[in-house]
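Encoded as structure tokens, the structure appears first; notes follow it.
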Amino acid sequence: MTDIVRPTAAPDLLGARTFLFVPGDRPERFAKAAASGADVVVLDLEDAVAPAAKPAAREAVREWLAAGNPGLVRINPPGTEWYEADVVAVVAAGSAPVMLPKAQDPAEVAALVAALGADARVVPLVETALGVHRAVEVCGVAGVVRAGFGSVDLASELGVDPVDREALRYARSALVLGSRAAGAGAPIDGVTTAVRDEQVLLEDCVHGLSLGFTAKMCIHPTQVGPVATAFSPTREQVEWARAVVGASAGGGVAVVDGKMIDRPVVERARALLLRAGESA
């Protein structure tokens with residue numbers, strides 16, 4: 001293991017709309033993924049990598065990060081034979097943000113945060129029934145930025161079809177509520193496995209956004225553009241948000257378009273501007 005070269009470039013996890021996965025054992029794809037327009041590239045050491053290829057994938061990801069390239073690393077879950085080595089590699093490369101799969105135990109999330117150090121930024125991937133049940137505790141761990149929704153794995157555990165939006169509606173809503181109750185950012189919706197069906201992809205985006213998700217995981221570069229557009233506020237929404245934030249700058253109650261503006265409205269406006277890539 002080599003020493004840190006320089007700090008890893010830090011993606012904006014809270015404002016990100018698109019999270020594009022790339023297998024950790026395919027380093028020739030890293031640069032292409034980074035140039036895809038995705039807000040965050042997820043360097044995957046877990047499901048996308050066969051057991052025999054995990055050591056080489058870990059080293060490829062460490063080298064990419066240590067060179068100052070951006071990325072979020074999905075490590076292997078606690079309790080697996082690869083977990084500790086994955087964490088060591090991330091720290092050695094400059095402590096990139098980490099996605100923790102099978103996140104369901106707040107103690108395990110806290111242990112990961114401690115191992116990553118003071119600058120830890122963790123995205124717990126909630127993909128089990130217990131994880132959904134404990135969403136507030138999992139998302140409330142210091143160092144957690146926002147959660148991800150593992151729709152495919154959760155559907156498998158529940159015995160339902162992952163494309164059935166109604167079957168997973170409660171779980172999605174529970175994660176949104178748990179995230180907000182814990183003070184974490186709005187969660188990231190799960191993948192759409194129909195990589196060639198843009199209509200289904202867009203319908204999934206609309207559904208997720210309606211429930212409170214503000215980002216989505218992508219498994220193919222062609223999904224990045226449509227997802228980014230779907231999760232971006234419209235021009236009218238942005239103009240409204242700017243007006244609200246501007247009107248509230250002096251404090252107290254303000255009026256915009258004949259409607260009273262109070263704190264909840266201002267917070268919604270700030271969230272819209274964050275999704276639009278603007279500071280508020």
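Scheme for the structure tokens: letters A, B, ... for chains in order shown; per-chain residue numbers from 1; ligand numbers from 1 in order shown.
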All strand (DSSP E or B) residues (DSSP, backbone) inside stretch 14-257 of chain A, as a PyMOL selection string: chain A and resi 18-23+40-44+72-74+98-100+122-126+144+146-149+185-189+215-218+254-256
All residues 6 Å or closer to stretch 119-134 of chain A, only C-alpha atoms, same chain fewer than 6 positions away omitted, as a PyMOL selection string: chain A and resi 97-104+113+143-150+153-154
What does the file look like for those residues with N, CA, C and O atoms, as an mmCIF file, in the first residue's frame?
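Output contents, as saved in out-v5.cif:
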```cif
data_model
loop_
_atom_site.group_PDB
_atom_site.id
_atom_site.type_symbol
_atom_site.label_atom_id
_atom_site.label_comp_id
_atom_site.auth_asym_id
_atom_site.auth_seq_id
_atom_site.Cartn_x
_atom_site.Cartn_y
_atom_site.Cartn_z
ATOM 1 N N PRO A 97 -15.496 9.766 -0.283
ATOM 2 C CA PRO A 97 -16.776 9.361 0.304
ATOM 3 C C PRO A 97 -17.056 7.886 0.020
ATOM 4 O O PRO A 97 -16.592 7.345 -0.982
ATOM 5 N N VAL A 98 -17.821 7.278 0.904
ATOM 6 C CA VAL A 98 -18.043 5.832 0.837
ATOM 7 C C VAL A 98 -19.528 5.522 0.860
ATOM 8 O O VAL A 98 -20.293 6.119 1.633
ATOM 9 N N MET A 99 -19.939 4.583 0.024
ATOM 10 C CA MET A 99 -21.284 4.031 0.065
ATOM 11 C C MET A 99 -21.211 2.685 0.772
ATOM 12 O O MET A 99 -20.448 1.801 0.365
ATOM 13 N N LEU A 100 -22.011 2.550 1.841
ATOM 14 C CA LEU A 100 -21.995 1.328 2.639
ATOM 15 C C LEU A 100 -23.213 0.481 2.321
ATOM 16 O O LEU A 100 -24.338 0.833 2.678
ATOM 17 N N PRO A 101 -23.026 -0.660 1.651
ATOM 18 C CA PRO A 101 -24.177 -1.517 1.334
ATOM 19 C C PRO A 101 -24.701 -2.244 2.564
ATOM 20 O O PRO A 101 -24.022 -2.359 3.585
ATOM 21 N N LYS A 102 -25.940 -2.707 2.436
ATOM 22 C CA LYS A 102 -26.612 -3.443 3.519
ATOM 23 C C LYS A 102 -26.584 -2.656 4.832
ATOM 24 O O LYS A 102 -26.438 -3.222 5.916
ATOM 25 N N ALA A 103 -26.751 -1.343 4.740
ATOM 26 C CA ALA A 103 -26.714 -0.505 5.937
ATOM 27 C C ALA A 103 -28.000 -0.701 6.736
ATOM 28 O O ALA A 103 -29.086 -0.353 6.268
ATOM 29 N N GLN A 104 -27.858 -1.268 7.919
ATOM 30 C CA GLN A 104 -29.027 -1.509 8.762
ATOM 31 C C GLN A 104 -28.709 -1.427 10.248
ATOM 32 O O GLN A 104 -29.611 -1.428 11.073
ATOM 33 N N VAL A 113 -17.575 5.409 9.931
ATOM 34 C CA VAL A 113 -17.263 6.835 10.035
ATOM 35 C C VAL A 113 -15.985 7.029 10.847
ATOM 36 O O VAL A 113 -15.105 7.815 10.467
ATOM 37 N N GLY A 143 -21.717 12.033 10.146
ATOM 38 C CA GLY A 143 -20.907 11.634 9.004
ATOM 39 C C GLY A 143 -21.734 11.128 7.838
ATOM 40 O O GLY A 143 -21.237 11.032 6.717
ATOM 41 N N VAL A 144 -23.005 10.799 8.092
ATOM 42 C CA VAL A 144 -23.907 10.386 7.015
ATOM 43 C C VAL A 144 -24.389 11.631 6.281
ATOM 44 O O VAL A 144 -24.892 12.571 6.892
ATOM 45 N N VAL A 145 -24.240 11.634 4.954
ATOM 46 C CA VAL A 145 -24.660 12.777 4.143
ATOM 47 C C VAL A 145 -26.097 12.585 3.673
ATOM 48 O O VAL A 145 -26.958 13.436 3.874
ATOM 49 N N ARG A 146 -26.351 11.479 3.047
ATOM 50 C CA ARG A 146 -27.682 11.120 2.564
ATOM 51 C C ARG A 146 -27.678 9.625 2.305
ATOM 52 O O ARG A 146 -26.618 9.019 2.129
ATOM 53 N N ALA A 147 -28.850 9.027 2.268
ATOM 54 C CA ALA A 147 -28.955 7.589 2.081
ATOM 55 C C ALA A 147 -29.271 7.244 0.636
ATOM 56 O O ALA A 147 -29.785 8.064 -0.132
ATOM 57 N N GLY A 148 -28.965 6.009 0.270
ATOM 58 C CA GLY A 148 -29.368 5.470 -1.021
ATOM 59 C C GLY A 148 -30.391 4.368 -0.798
ATOM 60 O O GLY A 148 -30.390 3.710 0.256
ATOM 61 N N PHE A 149 -31.255 4.169 -1.786
ATOM 62 C CA PHE A 149 -32.305 3.150 -1.677
ATOM 63 C C PHE A 149 -31.956 1.970 -2.572
ATOM 64 O O PHE A 149 -31.918 2.096 -3.804
ATOM 65 N N GLY A 150 -31.703 0.820 -1.951
ATOM 66 C CA GLY A 150 -31.363 -0.378 -2.713
ATOM 67 C C GLY A 150 -32.609 -1.156 -3.085
ATOM 68 O O GLY A 150 -32.954 -2.156 -2.439
ATOM 69 N N ASP A 153 -32.287 -5.226 -4.153
ATOM 70 C CA ASP A 153 -32.037 -6.158 -3.053
ATOM 71 C C ASP A 153 -33.218 -6.210 -2.087
ATOM 72 O O ASP A 153 -33.572 -7.282 -1.580
ATOM 73 N N LEU A 154 -33.811 -5.053 -1.819
ATOM 74 C CA LEU A 154 -34.953 -5.035 -0.906
ATOM 75 C C LEU A 154 -36.124 -5.807 -1.498
ATOM 76 O O LEU A 154 -36.792 -6.582 -0.792
#
```
Shortest interatomic distance to A:Ala35 - which of A:Pro162, A:Pro221, A:Gly94, A:Gly190, counting only C-alpha atoms: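 Of the candidates, the smallest distance to A:Ala35 is held by A:Pro221.
In this comparison, which uses only C-alpha atoms, the residue of A:Val136, A:Ala33, A:Leu168, A:Val206 approaching A:Ala184 most closely is A:Val136.
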Once you count only C-alpha atoms, what closest atom pair and distance in Å to one decimal does each residue of stretch 42-90 of chain A within 8 Å of stretch 16-26 of chain A have, with rows by chain and rising residue number, as a Markdown table?
```
| residue | atom | partner | partner_atom | distance |
| --- | --- | --- | --- | --- |
| A:Val42 | CA | A:Phe21 | CA | 4.6 |
| A:Leu43 | CA | A:Val22 | CA | 5.4 |
| A:Asp44 | CA | A:Gly24 | CA | 5.0 |
| A:Leu45 | CA | A:Gly24 | CA | 5.3 |
| A:Ala48 | CA | A:Pro23 | CA | 5.3 |
| A:Val49 | CA | A:Pro23 | CA | 6.4 |
| A:Ala53 | CA | A:Asp25 | CA | 6.6 |
| A:Lys54 | CA | A:Asp25 | CA | 7.3 |
| A:Ala56 | CA | A:Asp25 | CA | 6.6 |
| A:Ala57 | CA | A:Asp25 | CA | 4.1 |
| A:Arg58 | CA | A:Gly24 | CA | 6.8 |
| A:Ala60 | CA | A:Gly24 | CA | 6.9 |
| A:Val61 | CA | A:Gly24 | CA | 6.1 |
```
Dump as a compact mmCIF listing (two decimals), in the first residue's frame, selection limited to N, CA and C atoms:
```txt
# COMPACT_ATOMS: atom_id res chain seq x y z
N VAL A 42 -19.67 6.36 -9.00
CA VAL A 42 -19.60 5.37 -7.92
C VAL A 42 -18.69 4.23 -8.37
N LEU A 43 -17.52 4.14 -7.77
CA LEU A 43 -16.57 3.09 -8.07
C LEU A 43 -16.96 1.87 -7.24
N ASP A 44 -17.44 0.84 -7.93
CA ASP A 44 -18.10 -0.27 -7.25
C ASP A 44 -17.14 -1.41 -6.97
N LEU A 45 -16.97 -1.73 -5.69
CA LEU A 45 -16.17 -2.88 -5.28
C LEU A 45 -17.04 -4.04 -4.84
N ALA A 48 -20.70 -5.52 -8.51
CA ALA A 48 -20.23 -5.54 -9.89
C ALA A 48 -18.92 -6.30 -10.07
N VAL A 49 -18.30 -6.72 -8.97
CA VAL A 49 -16.97 -7.33 -9.03
C VAL A 49 -17.01 -8.75 -8.48
N ALA A 53 -11.77 -11.10 -8.41
CA ALA A 53 -11.27 -9.85 -8.97
C ALA A 53 -11.24 -8.70 -7.97
N LYS A 54 -11.71 -8.93 -6.75
CA LYS A 54 -11.83 -7.84 -5.79
C LYS A 54 -10.49 -7.21 -5.39
N ALA A 56 -7.71 -6.85 -7.14
CA ALA A 56 -7.26 -6.00 -8.24
C ALA A 56 -8.15 -4.78 -8.40
N ALA A 57 -9.45 -4.96 -8.22
CA ALA A 57 -10.38 -3.83 -8.31
C ALA A 57 -10.08 -2.81 -7.22
N ARG A 58 -9.83 -3.28 -6.03
CA ARG A 58 -9.52 -2.38 -4.91
C ARG A 58 -8.29 -1.55 -5.21
N ALA A 60 -7.06 -0.82 -8.21
CA ALA A 60 -7.36 0.10 -9.31
C ALA A 60 -8.10 1.33 -8.81
N VAL A 61 -9.05 1.11 -7.91
CA VAL A 61 -9.80 2.23 -7.34
C VAL A 61 -8.89 3.10 -6.48
```
Counting only C-alpha atoms, the option among A:Leu274, A:Glu108, A:Leu72, A:Arg62 closest to A:Val90: A:Arg62
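Between A:Asp164 and the candidates A:Leu14, A:His207, A:Pro187, A:Arg180, the tightest atom-to-atom separation, counting only C-alpha atoms, involves A:His207.
Nearest residue to A:Leu13, choosing from A:Gly159, A:Gly185, A:Pro106, A:Gly250 and counting only C-alpha atoms: A:Gly185.
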Nearest to A:Ala142 by atom-to-atom distance, counting only C-alpha atoms, from A:Ala174, A:Val238, A:Leu158, A:Val109: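 Using only C-alpha atoms, A:Ala142 sits closest to A:Val109.
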Near-A:Ala230 list (7 Å; only C-alpha atoms; drop same-chain fewer than 2 positions) as a VMD selection string: chain A and resid 202 205 226 to 228 232
Put those residues in a file: N, CA and C atoms, as a PDB file, in the first residue's frame.
```
ATOM      1  N   LEU A 202     -37.791   7.544 -17.112  1.00  0.00           N
ATOM      2  CA  LEU A 202     -38.383   8.836 -16.770  1.00  0.00           C
ATOM      3  C   LEU A 202     -39.582   8.672 -15.833  1.00  0.00           C
ATOM      4  N   CYS A 205     -38.258   8.196 -12.460  1.00  0.00           N
ATOM      5  CA  CYS A 205     -37.778   9.471 -11.912  1.00  0.00           C
ATOM      6  C   CYS A 205     -38.939  10.296 -11.355  1.00  0.00           C
ATOM      7  N   PRO A 226     -31.013  11.920 -19.087  1.00  0.00           N
ATOM      8  CA  PRO A 226     -32.441  11.949 -18.753  1.00  0.00           C
ATOM      9  C   PRO A 226     -32.705  12.080 -17.255  1.00  0.00           C
ATOM     10  N   VAL A 227     -31.911  11.418 -16.432  1.00  0.00           N
ATOM     11  CA  VAL A 227     -32.114  11.506 -14.986  1.00  0.00           C
ATOM     12  C   VAL A 227     -31.796  12.915 -14.490  1.00  0.00           C
ATOM     13  N   ALA A 228     -30.714  13.490 -14.981  1.00  0.00           N
ATOM     14  CA  ALA A 228     -30.349  14.847 -14.572  1.00  0.00           C
ATOM     15  C   ALA A 228     -31.449  15.836 -14.920  1.00  0.00           C
ATOM     16  N   SER A 232     -33.984  17.952 -12.211  1.00  0.00           N
ATOM     17  CA  SER A 232     -33.644  19.368 -12.169  1.00  0.00           C
ATOM     18  C   SER A 232     -34.917  20.207 -12.104  1.00  0.00           C
TER      19      SER A 232
END
```
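Here atom CA of A:Ala182 stands at a distance of 5.7 Å from atom CA of A:Cys139.
Atom CA of A:Gly37 is found 17.9 Å from atom CA of A:Trp64.
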Contacts of A:Ala107 at 9 Å (only C-alpha atoms; same-chain gap of 3+ positions) as a ChimeraX atom specification: /A:104,110-112,138,141
Using only C-alpha atoms, please write the residues we just selected to a file, as a PDB file, in the first residue's frame.
```pdb
ATOM      1  CA  GLN A 104     -29.027  -1.509   8.762  1.00  0.00           C
ATOM      2  CA  ALA A 110     -20.614   4.724  13.128  1.00  0.00           C
ATOM      3  CA  ALA A 111     -17.649   2.326  13.052  1.00  0.00           C
ATOM      4  CA  LEU A 112     -17.108   3.087   9.366  1.00  0.00           C
ATOM      5  CA  VAL A 138     -28.939   4.802  10.341  1.00  0.00           C
ATOM      6  CA  VAL A 141     -25.154   8.821  12.477  1.00  0.00           C
TER       7      VAL A 141
END
```
